[in-house]
>>> print(open('data.cif').read())   # mmCIF, C-alpha atoms
data_final
#
loop_
_atom_site.label_atom_id
_atom_site.label_comp_id
_atom_site.auth_asym_id
_atom_site.auth_seq_id
_atom_site.Cartn_x
_atom_site.Cartn_y
_atom_site.Cartn_z
CA MET N 1 -4.63 49.66 77.90
CA LYS N 2 -4.37 49.50 81.67
CA ILE N 3 -0.93 48.99 83.19
CA GLU N 4 -2.00 45.68 84.73
CA GLU N 5 -3.18 44.45 81.32
CA ILE N 6 0.14 45.38 79.77
CA ALA N 7 1.93 43.26 82.35
CA LYS N 8 -0.46 40.35 81.79
CA GLU N 9 0.08 40.55 78.04
CA VAL N 10 3.84 40.33 78.56
CA PHE N 11 3.33 37.31 80.80
CA ARG N 12 1.20 35.63 78.14
CA ALA N 13 3.61 36.37 75.31
CA GLU N 14 6.66 35.10 77.16
CA SER N 15 4.83 32.05 78.55
CA GLU N 16 3.80 31.06 75.03
CA ALA N 17 7.37 31.50 73.85
CA ILE N 18 8.61 29.13 76.55
CA LEU N 19 5.92 26.52 75.84
CA ASN N 20 6.71 26.61 72.13
CA LEU N 21 10.38 25.82 72.83
CA SER N 22 9.54 22.15 73.22
CA LYS N 23 8.45 22.09 69.59
CA ASN N 24 11.95 23.15 68.56
CA LEU N 25 13.68 20.46 70.61
CA ASP N 26 15.45 17.77 68.57
CA SER N 27 18.27 15.24 68.89
CA ASP N 28 20.87 18.02 69.00
CA PHE N 29 19.81 18.84 72.56
CA LYS N 30 20.47 15.26 73.68
CA GLU N 31 23.79 15.18 71.85
CA ALA N 32 24.81 18.53 73.35
CA VAL N 33 24.14 17.22 76.83
CA LYS N 34 26.10 14.08 76.07
CA VAL N 35 29.15 15.88 74.71
CA ILE N 36 29.28 18.28 77.68
CA LEU N 37 28.86 15.38 80.07
CA GLU N 38 31.70 13.42 78.49
CA GLY N 39 33.93 16.45 77.90
CA LYS N 40 37.25 16.78 79.71
CA GLY N 41 37.38 20.54 79.45
CA LYS N 42 35.18 23.44 80.49
CA LEU N 43 31.99 24.82 78.98
CA ILE N 44 32.81 28.28 77.63
CA ILE N 45 29.81 30.50 76.91
CA SER N 46 29.88 33.62 74.75
CA GLY N 47 27.32 36.06 73.43
CA MET N 48 26.95 39.74 72.60
CA GLY N 49 24.60 42.28 74.16
CA LYS N 50 21.47 40.83 75.79
CA SER N 51 22.52 37.34 74.68
CA GLY N 52 25.75 37.86 76.57
CA ILE N 53 23.93 38.88 79.73
CA ILE N 54 21.82 35.72 79.54
CA GLY N 55 24.96 33.74 78.73
CA LYS N 56 26.57 34.94 81.96
CA LYS N 57 23.60 33.65 83.94
CA ILE N 58 23.66 30.30 82.15
CA SER N 59 27.38 29.98 82.82
CA ALA N 60 26.86 30.78 86.51
CA THR N 61 24.13 28.15 86.74
CA MET N 62 26.36 25.57 85.07
CA ALA N 63 29.29 26.32 87.35
CA SER N 64 27.17 25.94 90.49
CA THR N 65 25.56 22.69 89.37
CA GLY N 66 28.58 20.58 88.48
CA THR N 67 29.61 21.78 85.01
CA PRO N 68 32.84 23.86 85.08
CA SER N 69 32.03 26.96 83.06
CA PHE N 70 32.82 30.61 82.54
CA PHE N 71 31.63 33.41 80.26
CA ILE N 72 33.87 35.12 77.74
CA HIS N 73 32.93 38.34 75.95
CA PRO N 74 33.23 37.77 72.17
CA ALA N 75 34.83 41.15 71.47
CA GLU N 76 37.35 40.70 74.28
CA ALA N 77 38.01 37.17 73.09
CA TYR N 78 38.86 38.42 69.62
CA HIS N 79 41.35 40.85 71.16
CA GLY N 80 43.35 38.44 73.28
CA ASP N 81 41.03 36.44 75.52
CA LEU N 82 40.93 33.52 73.07
CA GLY N 83 43.93 32.29 75.01
CA MET N 84 41.52 31.35 77.78
CA ILE N 85 39.96 28.69 75.57
CA GLU N 86 41.76 25.33 75.54
CA LYS N 87 41.45 22.56 72.97
CA GLU N 88 39.31 20.29 75.16
CA ASP N 89 36.82 23.05 75.97
CA ILE N 90 33.30 23.05 74.55
CA VAL N 91 32.02 26.43 73.42
CA LEU N 92 28.39 27.54 73.54
CA LEU N 93 27.80 30.56 71.27
CA ILE N 94 24.57 32.53 71.70
CA SER N 95 23.04 34.80 69.06
CA ASN N 96 19.32 35.06 68.42
CA SER N 97 19.87 36.07 64.80
CA GLY N 98 22.79 33.71 64.34
CA GLU N 99 24.54 36.50 62.44
CA THR N 100 26.19 38.53 65.22
CA ASP N 101 29.54 39.58 63.78
CA GLU N 102 31.52 39.45 67.04
CA VAL N 103 30.31 35.91 67.68
CA LEU N 104 30.91 34.67 64.15
CA LYS N 105 34.51 35.91 64.28
CA LEU N 106 35.25 33.28 66.94
CA ILE N 107 34.31 30.33 64.70
CA PRO N 108 37.53 30.10 62.61
CA PHE N 109 39.68 29.94 65.76
CA LEU N 110 37.43 27.33 67.35
CA LYS N 111 37.45 25.16 64.22
CA VAL N 112 41.25 25.30 63.92
CA HIS N 113 41.51 24.05 67.50
CA ASN N 114 38.77 21.44 67.01
CA ASN N 115 36.59 22.82 69.77
CA THR N 116 33.05 21.45 69.80
CA ILE N 117 30.67 24.33 69.05
CA ILE N 118 27.13 24.41 70.39
CA ALA N 119 25.02 27.19 68.91
CA MET N 120 21.96 28.72 70.49
CA SER N 121 19.98 30.80 68.00
CA GLY N 122 16.51 31.39 66.65
CA LYS N 123 17.55 30.80 63.04
CA PRO N 124 18.37 27.18 62.11
CA ALA N 125 19.59 28.37 58.69
CA SER N 126 21.87 31.08 60.10
CA THR N 127 25.63 31.22 59.66
CA LEU N 128 26.14 30.36 63.33
CA ALA N 129 23.82 27.34 63.22
CA LYS N 130 25.44 26.01 60.03
CA ASN N 131 28.92 26.20 61.54
CA ALA N 132 28.04 24.58 64.85
CA THR N 133 28.33 20.93 65.76
CA TYR N 134 24.98 21.13 67.54
CA HIS N 135 22.22 23.73 67.28
CA LEU N 136 19.66 24.54 69.97
CA ASN N 137 16.70 26.33 68.44
CA ILE N 138 15.42 29.23 70.57
CA ALA N 139 13.10 30.73 67.95
CA VAL N 140 10.08 32.70 69.18
CA GLU N 141 7.10 33.85 67.13
CA LYS N 142 7.15 37.36 68.52
CA GLU N 143 8.78 39.51 71.15
CA ALA N 144 6.81 40.85 74.09
CA CYS N 145 8.08 44.27 73.06
CA PRO N 146 5.24 45.99 71.12
CA LEU N 147 7.80 47.39 68.64
CA GLN N 148 9.28 43.90 68.12
CA LEU N 149 12.69 45.45 68.72
CA ALA N 150 13.78 44.93 72.33
CA PRO N 151 14.83 41.32 73.06
CA THR N 152 12.21 40.10 75.52
CA SER N 153 10.57 36.78 74.67
CA SER N 154 13.75 35.72 72.87
CA THR N 155 16.01 36.33 75.87
CA THR N 156 13.53 34.49 78.11
CA ALA N 157 13.59 31.55 75.69
CA THR N 158 17.40 31.61 75.70
CA LEU N 159 17.50 31.55 79.48
CA VAL N 160 15.02 28.67 79.68
CA MET N 161 16.94 26.65 77.10
CA GLY N 162 20.08 27.21 79.17
CA ASP N 163 18.26 26.11 82.31
CA ALA N 164 17.01 22.98 80.52
CA LEU N 165 20.58 22.19 79.51
CA ALA N 166 21.84 22.71 83.06
CA ILE N 167 19.09 20.62 84.67
CA ALA N 168 19.59 17.80 82.16
CA LEU N 169 23.28 17.77 83.04
CA MET N 170 22.50 17.82 86.76
CA LYS N 171 20.27 14.79 86.49
CA GLN N 172 22.72 12.91 84.31
CA ARG N 173 25.45 13.57 86.87
CA ASN N 174 23.13 12.64 89.74
CA PHE N 175 24.03 16.00 91.23
CA GLN N 176 22.66 16.15 94.80
CA ASP N 177 22.04 18.83 97.38
CA ARG N 178 25.32 18.00 99.11
CA ASP N 179 27.16 18.61 95.84
CA PHE N 180 25.30 21.91 95.43
CA ALA N 181 26.34 22.94 98.93
CA GLN N 182 30.00 22.48 98.05
CA PHE N 183 29.68 25.41 95.67
CA HIS N 184 27.45 27.45 98.02
CA PRO N 185 29.14 27.23 101.43
CA GLY N 186 28.06 30.77 102.29
CA GLY N 187 24.34 30.16 101.77
CA SER N 188 21.85 28.73 104.24
CA LEU N 189 21.72 25.42 102.36
CA GLY N 190 25.50 25.16 102.33
CA ARG N 191 25.64 25.93 106.02
CA ARG N 192 23.16 23.20 106.93
CA LEU N 193 24.79 20.62 104.71
CA LEU N 194 28.42 21.35 105.51
CA THR N 195 28.28 22.52 109.11
CA GLY N 196 28.26 19.87 111.82
CA VAL N 197 26.09 19.74 114.91
CA GLU N 198 29.30 19.89 116.92
CA ASP N 199 30.05 23.35 115.50
CA VAL N 200 26.87 25.03 116.78
CA MET N 201 25.70 23.01 119.78
CA THR N 202 25.61 24.33 123.33
CA LYS N 203 28.10 22.30 125.34
CA GLU N 204 29.02 24.45 128.32
CA ASN N 205 26.98 24.72 131.53
CA LEU N 206 24.29 22.32 130.35
CA PRO N 207 21.04 22.43 132.39
CA ILE N 208 21.09 19.11 134.27
CA VAL N 209 18.96 17.91 137.17
CA THR N 210 18.35 14.57 138.86
CA ALA N 211 15.07 12.73 138.97
CA GLN N 212 14.70 13.69 142.64
CA ASN N 213 15.10 17.43 142.13
CA SER N 214 12.00 19.43 143.02
CA ILE N 215 9.96 21.50 140.61
CA LYS N 216 11.51 24.61 142.16
CA ASP N 217 14.97 23.29 141.33
CA VAL N 218 13.88 22.51 137.77
CA ILE N 219 12.48 26.01 137.28
CA GLN N 220 15.66 27.61 138.65
CA VAL N 221 17.92 25.55 136.36
CA ILE N 222 15.79 26.05 133.26
CA SER N 223 15.65 29.80 133.88
CA LYS N 224 19.39 30.09 134.42
CA ALA N 225 20.38 28.10 131.32
CA ARG N 226 17.93 29.88 128.98
CA LEU N 227 17.63 26.89 126.67
CA GLY N 228 14.00 26.26 127.49
CA LEU N 229 14.75 22.80 128.87
CA VAL N 230 16.55 20.73 131.47
CA ILE N 231 18.06 17.27 131.08
CA VAL N 232 17.26 14.71 133.74
CA MET N 233 20.22 12.44 134.43
CA ASP N 234 21.41 9.73 136.77
CA LYS N 235 25.17 10.25 136.82
CA ARG N 236 26.02 9.89 133.09
CA LYS N 237 22.80 8.20 132.07
CA ILE N 238 20.12 10.30 130.39
CA LEU N 239 16.71 9.63 131.95
CA GLY N 240 14.60 12.25 130.21
CA ILE N 241 14.02 15.87 129.33
CA ILE N 242 11.76 18.62 130.68
CA THR N 243 10.84 21.65 128.57
CA ASP N 244 9.30 24.92 129.66
CA GLY N 245 6.16 23.71 127.86
CA ASP N 246 6.06 20.66 130.15
CA ILE N 247 6.17 22.97 133.15
CA ARG N 248 3.32 25.15 131.90
CA ARG N 249 1.17 22.11 131.20
CA ALA N 250 1.91 20.73 134.66
CA MET N 251 0.83 24.01 136.24
CA GLU N 252 -2.52 23.72 134.46
CA ASP N 253 -3.06 20.03 135.08
CA SER N 254 -1.69 19.79 138.65
CA GLU N 255 -2.42 23.20 140.07
CA GLU N 256 -3.08 22.02 143.64
CA ASN N 257 0.00 19.84 144.07
CA PHE N 258 2.27 21.52 141.49
CA PHE N 259 5.01 22.42 143.94
CA SER N 260 5.15 18.87 145.30
CA LEU N 261 6.17 17.49 141.90
CA SER N 262 9.69 16.34 141.12
CA ALA N 263 11.66 16.09 137.88
CA LEU N 264 10.69 12.43 137.70
CA ASN N 265 6.99 13.41 137.48
CA LEU N 266 7.55 15.92 134.70
CA MET N 267 10.18 14.44 132.43
CA THR N 268 9.63 12.92 129.01
CA LYS N 269 11.50 9.67 128.71
CA HIS N 270 13.59 8.74 125.66
CA PRO N 271 14.27 12.28 124.38
CA LYS N 272 15.31 12.68 120.76
CA THR N 273 19.07 12.57 120.21
CA ILE N 274 21.59 13.06 117.44
CA ASP N 275 25.22 12.05 117.00
CA ILE N 276 27.86 14.73 117.41
CA LYS N 277 29.24 14.04 113.90
CA ALA N 278 25.89 14.67 112.18
CA LYS N 279 25.32 17.69 109.93
CA LEU N 280 22.79 20.44 110.52
CA THR N 281 20.61 19.15 107.69
CA GLU N 282 20.16 15.88 109.58
CA ALA N 283 19.29 17.78 112.74
CA GLN N 284 16.72 19.78 110.82
CA GLY N 285 15.21 16.60 109.41
CA LEU N 286 14.85 15.03 112.85
CA MET N 287 13.31 18.16 114.34
CA THR N 288 10.80 18.33 111.52
CA GLU N 289 9.97 14.62 111.70
CA PHE N 290 9.43 14.54 115.45
CA LYS N 291 8.13 18.12 115.78
CA VAL N 292 10.67 19.12 118.41
CA ASN N 293 12.83 22.22 118.77
CA SER N 294 15.80 20.63 120.53
CA LEU N 295 17.94 17.51 120.28
CA LEU N 296 20.40 16.09 122.77
CA VAL N 297 23.80 15.61 121.17
CA LEU N 298 25.59 12.36 121.95
CA GLU N 299 29.23 11.40 121.62
CA GLU N 300 29.79 7.67 122.03
CA ASN N 301 26.33 7.48 123.64
CA LYS N 302 27.23 10.10 126.24
CA LEU N 303 25.72 13.57 126.53
CA ALA N 304 27.89 16.13 124.73
CA GLY N 305 25.55 19.06 124.19
CA VAL N 306 22.22 20.42 122.98
CA VAL N 307 21.34 21.63 119.49
CA GLN N 308 18.24 23.72 118.92
CA ILE N 309 16.25 24.86 115.92
CA TYR N 310 17.61 28.40 116.40
CA ASP N 311 21.11 27.02 115.76
CA LEU N 312 20.11 25.97 112.24
CA SER N 313 19.41 29.47 110.95
CA LEU N 314 21.98 31.92 109.64
#
>>> encode(input="data.cif", output="structure tokens")
Amino acid sequence: MKIEEIAKEVFRAESEAILNLSKNLDSDFKEAVKVILEGKGKLIISGMGKSGIIGKKISATMASTGTPSFFIHPAEAYHGDLGMIEKEDIVLLISNSGETDEVLKLIPFLKVHNNTIIAMSGKPASTLAKNATYHLNIAVEKEACPLQLAPTSSTTATLVMGDALAIALMKQRNFQDRDFAQFHPGGSLGRRLLTGVEDVMTKENLPIVTAQNSIKDVIQVISKARLGLVIVMDKRKILGIITDGDIRRAMEDSEENFFSLSALNLMTKHPKTIDIKAKLTEAQGLMTEFKVNSLLVLEENKLAGVVQIYDLSL
């Protein structure tokens, strides 16, 4: 079999496993979402081996989307880390077979402390499933591994079930992009949502001309400022804006009398503006909507600076 065909076969096997998950979905999924949503504690996730690796990812997704969560290794838990689990915490235990010894050893402790147990396994009749309050069935017909030994389709199914749980919780919480940004302040989304226009705008030595300034004056100011624009003002009143694109178009359209033009002849009236207290995400939205690369920043209706599309990137 060609290498490309091997890859395609894996894609098919794991895609089928994901699609078949919906057949396993029952009321326990809804109840699991409800109990996590109403819980006062954290969502603790534990699993051994490959299930543990997937559990860490699920926990990370939960934590970044509004559900306080962390992963605990079952073997470490049994040797002291059980103290990290409090009575109000909900515990999600992952084991494809439902018979993983290290995971099962946690059950007596959790039951004594009345922790709600959510099990994720591929065996509804397993020891883990029988001892859980809610069971999420992640059974797959076959692994993508040709030997049916390496966890492949089963780990994919586990991950997708975890994602489904996280997304259901997000929607129930009405978790928005601004909430997401609170947990991702270092990312580009967090930067745009949390950083204000005031923090990145150019506010010193703004390129300003009057309506009477000549085209030569405009070119000199726009070249010196290196913002690709000049602002036409009458004292403190904004009259318009001239971009380097406006100048190029004027050179083409008014070649014979180009140097007799003034700022008044070139400017675009009513330039797009934004308030100084706005966030970068709002600036991005306005630039996209009006197809412009720059916005004039206003503070109490007075010019305070210029924010450009380059300021929105990391």
>>> residues_around(input="data.cif", residues="range 14-18 of chain N", least_positions_apart="3", cutoff="6 Å", atoms="all atoms listed in the file", output="PyMOL selection string")
chain N and resi 11+21+140+153+157
>>> resolve_selection(input="data.cif", expression="the PyMOL selection byres ((chain N and resi 270) around 9)", output="VMD selection string")
chain N and resid 238 to 241 268 to 269 271 to 273
>>> write_last_selection(input="data.cif", atoms="C-alpha atoms", output="CSV table (one decimal), in the frame of the given file")
chain,number,residue,atom,x,y,z
N,238,ILE,CA,20.1,10.3,130.4
N,239,LEU,CA,16.7,9.6,132.0
N,240,GLY,CA,14.6,12.2,130.2
N,241,ILE,CA,14.0,15.9,129.3
N,268,THR,CA,9.6,12.9,129.0
N,269,LYS,CA,11.5,9.7,128.7
N,271,PRO,CA,14.3,12.3,124.4
N,272,LYS,CA,15.3,12.7,120.8
N,273,THR,CA,19.1,12.6,120.2
>>> resolve_selection(input="data.cif", expression="the PyMOL selection byres ((chain N and resi 31) around 12)", output="list in words")
Leu25, Asp26, Ser27, Asp28, Phe29, Lys30, Ala32, Val33, Lys34, Val35, Ile36, Leu37, Glu38, Gly39, Thr116, Ile117, Ile118, Thr133, Tyr134, His135, Leu136, Leu165, Ala168 and Leu169 of chain N
>>> axis_aligned_box(input="data.cif", around="range 276-295 of chain N", padding_each_side="3 Å", output="lines of an AutoDock Vina configuration file")
center_x = 18.7
center_y = 18.1
center_z = 114.1
size_x = 27.1
size_y = 14.2
size_z = 18.8
>>> resolve_selection(input="data.cif", expression="the PyMOL selection byres ((chain N and resi 158) around 8)", output="list in words")
Ser51, Ile54, Met120, Ile138, Ser154, Thr155, Thr156, Ala157, Leu159, Val160, Met161 and Gly162 of chain N
>>> closest_residue(input="data.cif", among="N:Val209, N:Ile85, N:Ala150, N:Leu128", to="Ile72 in chain N", atoms="only C-alpha atoms")
N:Ile85
>>> closest_residue(input="data.cif", among="N:Ile309, N:Val200, N:Met170, N:Ala211", to="Gly228 in chain N", atoms="only C-alpha atoms")
N:Ile309
>>> atom_distance(input="data.cif", atom1="CA of Gly47 in chain N", atom2="CA of Glu143 in chain N")
19.0 Å
>>> residues_around(input="data.cif", residues="Met84 in chain N", least_positions_apart="6", cutoff="10 Å", atoms="all atoms listed in the file", output="ChimeraX atom specification")
/N:44,70,72,77
>>> closest_residue(input="data.cif", among="N:Val306, N:Leu298, N:Met267, N:Val103", to="Glu204 in chain N", atoms="all atoms listed in the file")
N:Val306
>>> residues_near_point(input="data.cif", point="(38.2, 19.5, 73.9)", cutoff="8 Å", atoms="only C-alpha atoms", output="ChimeraX atom specification")
/N:39-41,86-90,114-116
>>> closest_residue(input="data.cif", among="N:Leu264, N:Met201, N:Ala250, N:Ile222", to="Leu312 in chain N", atoms="all atoms listed in the file")
N:Met201
>>> atom_distance(input="data.cif", atom1="CA of Ile274 in chain N", atom2="CA of Val297 in chain N")
5.0 Å
>>> closest_residue(input="data.cif", among="N:Asn174, N:Thr210, N:Asn96, N:Thr202", to="Ser126 in chain N", atoms="all atoms listed in the file")
N:Asn96
>>> residues_around(input="data.cif", residues="Leu266 in chain N", least_positions_apart="2", cutoff="12 Å", atoms="all atoms listed in the file", output="VMD selection string")
chain N and resid 209 to 215 218 to 219 229 to 232 239 to 251 253 to 254 258 to 264 268 to 269
>>> residues_around(input="data.cif", residues="range 60-68 of chain N", least_positions_apart="2", cutoff="6 Å", atoms="all atoms listed in the file", output="list in words")
Lys42, Lys57, Ile58, Ala166 and Phe183 of chain N
>>> closest_residue(input="data.cif", among="N:Val292, N:Leu82, N:Ala119, N:Ala144", to="Gly98 in chain N", atoms="only C-alpha atoms")
N:Ala119
>>> atom_distance(input="data.cif", atom1="CA of Leu43 in chain N", atom2="CA of His79 in chain N")
20.1 Å
>>> build_atoms(input="data.cif", residues="range 194-210 of chain N", atoms="N, CA and C atoms", output="mmCIF file, in the frame of the given file")
data_model
loop_
_atom_site.group_PDB
_atom_site.id
_atom_site.type_symbol
_atom_site.label_atom_id
_atom_site.label_comp_id
_atom_site.auth_asym_id
_atom_site.auth_seq_id
_atom_site.Cartn_x
_atom_site.Cartn_y
_atom_site.Cartn_z
ATOM 1 N N LEU N 194 26.988 21.478 105.273
ATOM 2 C CA LEU N 194 28.420 21.350 105.510
ATOM 3 C C LEU N 194 28.803 21.552 106.966
ATOM 4 N N THR N 195 27.969 22.262 107.713
ATOM 5 C CA THR N 195 28.280 22.520 109.110
ATOM 6 C C THR N 195 27.786 21.373 109.982
ATOM 7 N N GLY N 196 28.620 20.968 110.933
ATOM 8 C CA GLY N 196 28.260 19.870 111.820
ATOM 9 C C GLY N 196 27.536 20.348 113.063
ATOM 10 N N VAL N 197 26.775 19.460 113.646
ATOM 11 C CA VAL N 197 26.090 19.740 114.910
ATOM 12 C C VAL N 197 27.091 20.197 115.965
ATOM 13 N N GLU N 198 28.254 19.583 115.950
ATOM 14 C CA GLU N 198 29.300 19.890 116.920
ATOM 15 C C GLU N 198 29.707 21.361 116.878
ATOM 16 N N ASP N 199 29.589 21.970 115.681
ATOM 17 C CA ASP N 199 30.050 23.350 115.500
ATOM 18 C C ASP N 199 29.108 24.377 116.113
ATOM 19 N N VAL N 200 27.843 24.030 116.315
ATOM 20 C CA VAL N 200 26.870 25.030 116.780
ATOM 21 C C VAL N 200 26.211 24.662 118.114
ATOM 22 N N MET N 201 26.416 23.458 118.580
ATOM 23 C CA MET N 201 25.700 23.010 119.780
ATOM 24 C C MET N 201 26.161 23.758 121.033
ATOM 25 N N THR N 202 25.265 23.820 122.010
ATOM 26 C CA THR N 202 25.610 24.330 123.330
ATOM 27 C C THR N 202 26.228 23.195 124.122
ATOM 28 N N LYS N 203 27.414 23.384 124.620
ATOM 29 C CA LYS N 203 28.100 22.300 125.340
ATOM 30 C C LYS N 203 28.607 22.695 126.729
ATOM 31 N N GLU N 204 28.559 23.980 127.011
ATOM 32 C CA GLU N 204 29.020 24.450 128.320
ATOM 33 C C GLU N 204 27.818 24.724 129.233
ATOM 34 N N ASN N 205 28.005 24.425 130.514
ATOM 35 C CA ASN N 205 26.980 24.720 131.530
ATOM 36 C C ASN N 205 25.602 24.194 131.134
ATOM 37 N N LEU N 206 25.546 22.930 130.754
ATOM 38 C CA LEU N 206 24.290 22.320 130.350
ATOM 39 C C LEU N 206 23.319 22.245 131.535
ATOM 40 N N PRO N 207 22.029 22.474 131.308
ATOM 41 C CA PRO N 207 21.040 22.430 132.390
ATOM 42 C C PRO N 207 20.699 20.988 132.774
ATOM 43 N N ILE N 208 21.266 20.509 133.859
ATOM 44 C CA ILE N 208 21.090 19.110 134.270
ATOM 45 C C ILE N 208 20.509 19.052 135.677
ATOM 46 N N VAL N 209 19.534 18.178 135.844
ATOM 47 C CA VAL N 209 18.960 17.910 137.170
ATOM 48 C C VAL N 209 18.865 16.400 137.351
ATOM 49 N N THR N 210 18.595 15.991 138.591
ATOM 50 C CA THR N 210 18.350 14.570 138.860
ATOM 51 C C THR N 210 16.854 14.327 138.930
#
